[in-house]
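Q: Sharing entry-v7.txt below, compact mmCIF, C-alpha atoms:
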```txt
# COMPACT_ATOMS: atom_id res chain seq x y z
CA MET Q 1 13.07 53.89 48.19
CA LYS Q 2 10.57 56.38 46.71
CA LYS Q 3 7.76 53.88 47.32
CA LEU Q 4 8.85 53.28 50.90
CA LEU Q 5 8.93 57.02 51.63
CA GLU Q 6 5.54 57.56 50.03
CA GLU Q 7 4.04 54.73 52.10
CA ALA Q 8 5.39 56.40 55.26
CA GLY Q 9 3.96 59.79 54.27
CA ILE Q 10 7.03 61.64 52.91
CA GLU Q 11 6.92 63.15 49.40
CA PRO Q 12 8.83 60.70 47.16
CA ASP Q 13 10.30 63.58 45.12
CA ARG Q 14 12.54 64.42 48.07
CA ILE Q 15 14.91 61.69 46.97
CA LYS Q 16 16.44 61.04 43.56
CA MET Q 17 19.45 59.05 42.48
CA TYR Q 18 21.90 60.55 40.00
CA ASN Q 19 24.81 58.71 38.46
CA ILE Q 20 27.57 61.25 37.94
CA GLY Q 21 31.22 60.66 37.14
CA ALA Q 22 33.89 62.23 39.40
CA SER Q 23 35.01 64.48 36.54
CA ASP Q 24 31.50 65.73 35.68
CA ALA Q 25 31.36 68.78 37.94
CA PRO Q 26 28.85 70.67 35.77
CA LEU Q 27 26.44 67.73 35.92
CA PHE Q 28 26.81 67.58 39.69
CA ALA Q 29 26.08 71.30 39.98
CA LYS Q 30 23.03 70.91 37.73
CA ALA Q 31 21.70 68.03 39.84
CA ALA Q 32 22.29 69.97 43.06
CA ASN Q 33 20.39 72.96 41.68
CA GLU Q 34 17.57 70.74 40.49
CA MET Q 35 17.19 69.11 43.91
CA THR Q 36 17.38 72.50 45.63
CA GLU Q 37 14.46 73.68 43.50
CA VAL Q 38 12.49 70.55 44.35
CA ALA Q 39 13.18 71.04 48.07
CA ARG Q 40 12.14 74.73 47.88
CA LYS Q 41 8.85 73.79 46.22
CA LEU Q 42 8.09 71.04 48.74
CA GLY Q 43 9.01 73.15 51.74
CA PRO Q 44 10.67 72.03 54.96
CA ASN Q 45 10.97 68.35 55.83
CA PRO Q 46 7.67 67.54 57.59
CA LEU Q 47 9.58 65.50 60.18
CA LYS Q 48 11.46 68.63 61.28
CA LYS Q 49 8.48 70.99 61.42
CA GLU Q 50 8.08 70.42 65.14
CA LYS Q 51 11.65 71.52 65.89
CA ARG Q 52 11.32 74.73 63.87
CA ALA Q 53 8.11 75.79 65.61
CA MET N 1 12.17 27.80 51.34
CA ILE N 2 9.12 29.48 52.86
CA VAL N 3 8.15 32.50 50.78
CA GLY N 4 6.54 35.50 52.45
CA GLN N 5 5.44 38.93 51.35
CA ARG N 6 5.47 42.04 53.48
CA LYS N 7 2.11 43.55 54.37
CA PRO N 8 1.46 47.17 53.39
CA LEU N 9 2.63 49.72 55.96
CA ALA N 10 -0.94 50.95 56.54
CA GLU N 11 -2.02 47.49 57.73
CA ILE N 12 0.99 47.07 60.02
CA LYS N 13 0.57 50.60 61.39
CA GLU N 14 -3.09 49.96 62.19
CA MET N 15 -2.26 46.78 64.14
CA VAL N 16 0.22 48.54 66.40
CA LYS N 17 -1.38 51.99 66.63
CA ASN N 18 -1.87 51.82 70.41
CA HIS N 19 1.66 50.63 71.23
CA LYS N 20 4.44 53.03 72.19
CA LYS N 21 7.47 50.74 72.34
CA ILE N 22 7.79 48.05 69.71
CA LEU N 23 10.40 45.45 68.84
CA ILE N 24 10.61 44.55 65.15
CA LEU N 25 12.08 41.08 64.92
CA GLY N 26 13.43 39.73 61.64
CA CYS N 27 14.19 36.13 60.72
CA GLY N 28 17.50 35.35 59.04
CA THR N 29 16.46 32.22 57.13
CA CYS N 30 13.74 31.77 54.45
CA VAL N 31 12.12 35.20 54.59
CA ALA N 32 15.53 36.90 54.53
CA VAL N 33 16.38 35.08 51.30
CA CYS N 34 13.08 36.06 49.69
CA MET N 35 13.74 39.67 50.72
CA ALA N 36 10.68 40.01 52.91
CA GLY N 37 11.70 39.72 56.57
CA GLY N 38 15.47 39.73 57.05
CA GLU N 39 17.76 42.25 58.74
CA LYS N 40 17.53 44.77 55.91
CA GLU N 41 13.73 44.61 55.79
CA VAL N 42 13.62 45.11 59.58
CA GLU N 43 15.59 48.35 59.19
CA LEU N 44 13.32 49.54 56.39
CA LEU N 45 10.09 48.80 58.26
CA ALA N 46 11.45 50.37 61.45
CA SER N 47 12.34 53.58 59.59
CA GLN N 48 8.98 53.69 57.84
CA LEU N 49 7.10 53.18 61.09
CA ARG N 50 9.09 55.86 62.94
CA ILE N 51 8.53 58.37 60.12
CA ALA N 52 4.83 57.59 59.71
CA ARG N 53 4.08 57.75 63.44
CA LYS N 54 6.03 60.95 63.91
CA LEU N 55 4.12 62.57 61.06
CA GLU N 56 0.88 61.56 62.76
CA GLY N 57 2.02 63.16 66.00
CA ASN N 58 2.04 59.77 67.72
CA PRO N 59 5.75 58.93 67.96
CA VAL N 60 6.85 55.40 68.73
CA GLU N 61 10.06 53.85 70.06
CA VAL N 62 11.14 51.07 67.69
CA LEU N 63 13.80 48.49 68.58
CA GLU N 64 15.30 46.25 65.90
CA ASP N 65 16.72 42.75 66.01
CA THR N 66 17.04 39.69 63.79
CA VAL N 67 17.51 36.08 64.85
CA THR N 68 18.82 33.20 62.75
CA ARG N 69 15.52 31.31 62.86
CA GLN N 70 12.29 32.30 64.58
CA CYS N 71 10.93 28.75 64.30
CA ASP N 72 13.53 27.30 66.72
CA ARG N 73 13.35 27.88 70.46
CA GLU N 74 17.11 27.99 71.01
CA TYR N 75 17.51 30.95 68.65
CA MET N 76 14.67 32.81 70.35
CA GLU N 77 15.86 32.58 73.96
CA PRO N 78 18.43 35.43 73.69
CA ILE N 79 15.87 38.01 72.50
CA LEU N 80 13.00 37.19 74.88
CA GLU N 81 14.22 39.65 77.52
CA LYS N 82 14.27 42.44 74.96
CA ALA N 83 10.81 41.47 73.69
CA ARG N 84 9.37 41.49 77.22
CA GLY N 85 10.64 45.05 77.64
CA CYS N 86 8.32 46.23 74.85
CA ASP N 87 4.54 46.78 74.55
CA ALA N 88 4.40 44.67 71.41
CA VAL N 89 6.50 42.79 68.88
CA ILE N 90 6.18 42.88 65.11
CA SER N 91 7.53 39.61 63.76
CA MET N 92 8.86 39.59 60.23
CA ALA N 93 9.05 35.78 60.20
CA CYS N 94 6.62 33.38 58.56
CA GLY N 95 3.49 32.40 60.46
CA VAL N 96 5.45 29.71 62.31
CA GLY N 97 7.86 32.26 63.78
CA VAL N 98 5.02 34.57 64.80
CA GLN N 99 3.28 31.73 66.66
CA LEU N 100 6.38 30.41 68.42
CA LEU N 101 7.29 33.91 69.60
CA SER N 102 3.75 34.44 70.85
CA ASP N 103 3.94 31.13 72.75
CA LEU N 104 7.20 32.23 74.37
CA ILE N 105 6.09 35.70 75.48
CA GLU N 106 2.38 35.11 75.97
CA GLU N 107 1.67 38.39 77.76
CA ILE N 108 3.13 40.55 74.95
CA PRO N 109 1.12 40.76 71.70
CA VAL N 110 2.96 39.63 68.56
CA TYR N 111 1.85 41.00 65.17
CA PRO N 112 2.75 39.57 61.76
CA ALA N 113 4.44 41.91 59.27
CA LEU N 114 4.29 39.32 56.49
CA ASN N 115 1.75 37.22 54.67
CA THR N 116 3.19 33.70 54.51
CA ARG N 117 2.49 32.49 51.00
CA PHE N 118 4.06 29.18 50.00
CA ILE N 119 7.15 27.00 49.90
CA GLY N 120 9.06 27.24 46.67
CA THR N 121 12.18 28.02 44.73
CA ASN N 122 13.89 31.19 43.60
CA GLU N 123 13.42 31.03 39.81
CA ARG N 124 15.39 34.15 38.92
CA GLU N 125 16.20 37.49 40.55
CA GLY N 126 13.18 38.50 42.58
CA VAL N 127 10.88 35.72 41.35
CA TRP N 128 9.72 32.75 43.43
CA LEU N 129 7.62 29.79 42.37
CA GLU N 130 5.51 27.49 44.52
CA ARG N 131 6.89 23.96 44.31
CA CYS N 132 5.37 21.88 47.08
CA MET N 133 1.92 21.78 48.66
CA MET N 134 3.06 19.59 51.58
CA CYS N 135 0.46 16.93 50.73
CA GLY N 136 2.23 14.33 52.84
CA ASN N 137 2.24 11.66 50.15
CA CYS N 138 5.04 12.46 47.69
CA ILE N 139 4.86 11.09 44.12
CA LEU N 140 7.83 13.06 42.69
CA GLY N 141 9.68 9.79 42.10
CA GLN N 142 7.14 8.83 39.43
CA THR N 143 6.62 12.29 37.94
CA GLY N 144 10.19 13.16 37.00
CA GLY N 145 10.73 15.40 39.99
CA ILE N 146 7.95 17.81 38.98
CA CYS N 147 4.97 18.14 41.30
CA PRO N 148 1.56 18.05 39.61
CA ILE N 149 -0.16 18.99 42.87
CA ALA N 150 1.73 22.28 43.11
CA ILE N 151 2.31 23.13 39.44
CA CYS N 152 -0.94 21.92 37.80
CA ALA N 153 -3.78 24.44 38.30
CA LYS N 154 -6.14 21.52 38.99
CA GLY N 155 -3.62 19.55 41.04
CA LEU N 156 -4.26 16.52 38.81
CA VAL N 157 -2.36 13.35 39.68
CA ASN N 158 -3.27 11.87 36.28
CA GLY N 159 -2.73 14.26 33.43
CA PRO N 160 -2.59 16.18 31.24
CA CYS N 161 -6.21 17.26 31.03
CA GLY N 162 -7.97 18.57 27.92
CA GLY N 163 -6.91 22.10 28.76
CA THR N 164 -3.25 21.62 27.97
CA ASN N 165 -2.28 24.11 25.27
CA LYS N 166 1.10 23.73 23.55
CA GLY N 167 2.88 23.36 26.88
CA LYS N 168 0.81 26.02 28.62
CA CYS N 169 -2.26 25.79 30.86
CA GLU N 170 -5.82 26.73 29.87
CA VAL N 171 -5.99 28.83 33.03
CA SER N 172 -3.31 31.21 31.74
CA ASN N 173 -0.70 31.32 29.02
CA ASP N 174 1.76 32.41 31.71
CA LYS N 175 1.44 29.07 33.47
CA ASP N 176 3.26 25.98 32.28
CA CYS N 177 1.23 22.77 31.90
CA ALA N 178 2.64 20.60 34.70
CA TRP N 179 1.91 17.40 32.84
CA THR N 180 3.70 18.60 29.69
CA LEU N 181 6.71 19.39 31.87
CA ILE N 182 6.44 15.94 33.44
CA TYR N 183 6.18 14.29 30.01
CA ARG N 184 9.29 16.10 28.72
CA ARG N 185 11.27 15.27 31.84
CA LEU N 186 10.28 11.58 31.77
CA GLU N 187 11.17 11.50 28.07
CA LYS N 188 14.71 12.69 28.94
CA GLN N 189 14.92 9.99 31.60
CA GLY N 190 13.63 7.23 29.28
CA LYS N 191 10.73 6.67 31.68
CA LEU N 192 7.73 7.65 29.57
CA ASP N 193 5.97 4.46 30.68
CA ASN N 194 5.42 6.20 34.04
CA ILE N 195 2.74 8.32 32.32
CA ARG N 196 0.61 5.18 31.82
CA GLN N 197 0.50 4.56 35.54
CA ILE N 198 -2.85 5.55 37.05
CA PHE N 199 -2.41 7.19 40.43
CA PRO N 200 -5.19 6.72 43.00
CA PRO N 201 -6.94 9.88 44.18
CA LYS N 202 -4.77 11.96 46.48
CA ARG N 203 -5.26 11.16 50.15
CA PHE N 204 -5.91 14.68 51.35
CA GLY N 205 -7.02 13.17 54.64
CA LEU N 206 -3.31 12.85 55.49
CA HIS N 207 -3.27 16.59 55.96
CA VAL N 208 -5.37 17.03 59.09
CA ASN N 209 -4.45 20.22 60.92
CA PRO N 210 -2.30 20.54 62.87
CA ILE N 211 0.06 17.77 61.81
CA THR N 212 2.67 16.60 64.29
CA GLN N 213 5.72 14.53 63.46
CA VAL N 214 7.74 12.42 65.88
CA ASN N 215 11.21 11.03 65.27
CA GLU N 216 10.86 7.74 67.13
CA ALA N 217 14.53 6.76 66.86
CA TYR N 218 15.56 10.06 68.46
CA GLN N 219 13.01 9.70 71.24
CA HIS N 220 14.16 6.14 71.87
CA ALA N 221 17.80 7.26 72.09
CA GLN N 222 16.83 10.03 74.53
CA LYS N 223 15.00 7.50 76.73
CA GLU N 224 17.97 5.11 76.66
CA GLU N 225 20.31 7.91 77.64
CA ALA N 226 18.07 8.92 80.53
CA HIS N 227 17.81 5.30 81.66
CA HIS N 228 21.59 4.69 81.63
CA GLY N 229 22.55 8.19 82.72
```
Can you turn what I pasted into structure tokens?
A:
Amino acid sequence: MKKLLEEAGIEPDRIKMYNIGASDAPLFAKAANEMTEVARKLGPNPLKKEKRA
Amino acid sequence: MIVGQRKPLAEIKEMVKNHKKILILGCGTCVAVCMAGGEKEVELLASQLRIARKLEGNPVEVLEDTVTRQCDREYMEPILEKARGCDAVISMACGVGVQLLSDLIEEIPVYPALNTRFIGTNEREGVWLERCMMCGNCILGQTGGICPIAICAKGLVNGPCGGTNKGKCEVSNDKDCAWTLIYRRLEKQGKLDNIRQIFPPKRFGLHVNPITQVNEAYQHAQKEEAHHG
């Protein structure tokens, strides 16, 4: 999936798969924070730039 | 089955850069099994193309469909209307499907999304091996069901050659020596004498493009039916 996104021109870091058990809330929160940081660094989704402008 | 490999997105994108409404048509037989041109791959390519074109500021309308077999006219009829409503079609079938579709909708350009590579078997998950070169003069009955034309790097009909190396080929240690495989198989079948047989040079003249094949019994039956009907 990362490769497919990269080929199409979207930063591959925008997607990541985590395997988290239903009872592992702290891990889920950690993953969510991690992805939020990644998204902040990368900026808005380039496909939605047009709409925002 | 026919084994195909999807072209890189950049190549596909370049082919269709001037088209605004495109149908991506998958094929549900060989290329679906080798994970190159089935329904799932149609969805992936369509998404990639939409994203890439939107990012370039040149958006495109992409329709998706998959037929059971693109090499048979009867399966193609139901999608022709849809294809004619587009500027272009990207076919995810083998080269046969691309050509039949182009014959059926002559005025609409058809572009190949795959490189058609060979006919072969699925060896293990995600790995395919060429098994038949379609030489038109099969000798598998004498070679223990292993084709020296397809498996031997030199396509030798009388082997092994001096380059056989403990069951591997001099070309690469990753390649099995076809004639060692044949020897082992014939040994299991108690038919090692077959190895002594000298095969005449392959008649490559049998493969003159394009080959046509006629089932005479079927044609005869059709004629009879027409005559009595």
Q: Please determine, counting all atoms listed in the file, which residue among N:Val3, N:Leu206, N:Val96, N:Ala83 has the shortest atom-to-atom distance to N:Gly136.
A: N:Leu206
Q: At a cut-off of 12 Å, list the chain Q residues touching chain N, using all atoms listed in the file, as a list in words.
A: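 Taking all atoms listed in the file into account, Met1, Lys2, Lys3, Leu4, Leu5, Glu6, Glu7, Ala8, Gly9, Ile10, Glu11, Asn45, Pro46, Leu47, Lys48, Lys49 and Glu50 of chain Q sit within 12 Å of chain N.
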Q: Could you take the residues named above and write them with C-alpha atoms, as a PDB file, in the coordinates of the input?
A:
```
ATOM      1  CA  MET Q   1      13.070  53.890  48.190  1.00  0.00           C
ATOM      2  CA  LYS Q   2      10.570  56.380  46.710  1.00  0.00           C
ATOM      3  CA  LYS Q   3       7.760  53.880  47.320  1.00  0.00           C
ATOM      4  CA  LEU Q   4       8.850  53.280  50.900  1.00  0.00           C
ATOM      5  CA  LEU Q   5       8.930  57.020  51.630  1.00  0.00           C
ATOM      6  CA  GLU Q   6       5.540  57.560  50.030  1.00  0.00           C
ATOM      7  CA  GLU Q   7       4.040  54.730  52.100  1.00  0.00           C
ATOM      8  CA  ALA Q   8       5.390  56.400  55.260  1.00  0.00           C
ATOM      9  CA  GLY Q   9       3.960  59.790  54.270  1.00  0.00           C
ATOM     10  CA  ILE Q  10       7.030  61.640  52.910  1.00  0.00           C
ATOM     11  CA  GLU Q  11       6.920  63.150  49.400  1.00  0.00           C
ATOM     12  CA  ASN Q  45      10.970  68.350  55.830  1.00  0.00           C
ATOM     13  CA  PRO Q  46       7.670  67.540  57.590  1.00  0.00           C
ATOM     14  CA  LEU Q  47       9.580  65.500  60.180  1.00  0.00           C
ATOM     15  CA  LYS Q  48      11.460  68.630  61.280  1.00  0.00           C
ATOM     16  CA  LYS Q  49       8.480  70.990  61.420  1.00  0.00           C
ATOM     17  CA  GLU Q  50       8.080  70.420  65.140  1.00  0.00           C
TER      18      GLU Q  50
END
```
Q: Using only C-alpha atoms, can you list as a ChimeraX atom specification the residues within 8 Å of (20.7, 34.2, 58.7)?
A: /N:27-29,32,38,67-69
Q: Record the distance separating atom CA of N:Val157 and atom CA of N:Glu187, expressed in Å with one decimal.
A: 17.9 Å
Q: Could you name the residues that touch Q:Tyr18 at 12 Å or less, counting all atoms listed in the file, but leaving out those on the same chain fewer than 2 positions away, as a PyMOL selection string?
A: chain Q and resi 15-16+20-21+24+27-32+34-35
Q: Please list as number ranges by chain every residue within 6 Å of N:Ala88, counting only C-alpha atoms and excluding residues in the same chain fewer than 3 positions away.
A: N: 22, 108-110
Q: Expressed in Å to a single decimal, how great is the separation between atom CA of N:Glu61 and atom CA of N:Lys21?
A: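 Taking atom CA of N:Glu61 as the start and atom CA of N:Lys21 as the end point, the length is 4.6 Å.
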Q: When you look at N:Ile12 with a cut-off of 10 Å (counting only C-alpha atoms), what residues show up, excluding the ones that are within fewer than 3 positions of it in the same chain? I need them as a list in words.
A: Arg6, Lys7, Pro8, Leu9, Met15, Val16, Lys17, Leu45, Leu49, Ile90, Tyr111, Pro112, Ala113 and Leu114 of chain N
Q: Expressed in Å to a single decimal, how great is the separation between atom CA of N:Pro78 and atom CA of N:Glu107?
A: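 The value is 17.5 Å.
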Q: For each of N:Ala221, N:Leu186, N:Met76, N:Val33, take the minimum atom-to-atom distance to N:Leu140, counting only C-alpha atoms, then give the residue where this is smallest.
A: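 Result for the nearest residue to N:Leu140: N:Leu186.
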Q: Draw an axis-aligned box over all listed atoms of stretch 18-30 of chain Q, pad each side with 6 Å, and write its centre and edge lengths in Å, one decimal, as JSON.
A:
```
{"center_x": 28.5, "center_y": 65.0, "center_z": 37.8, "size_x": 25.1, "size_y": 24.6, "size_z": 16.3}
```
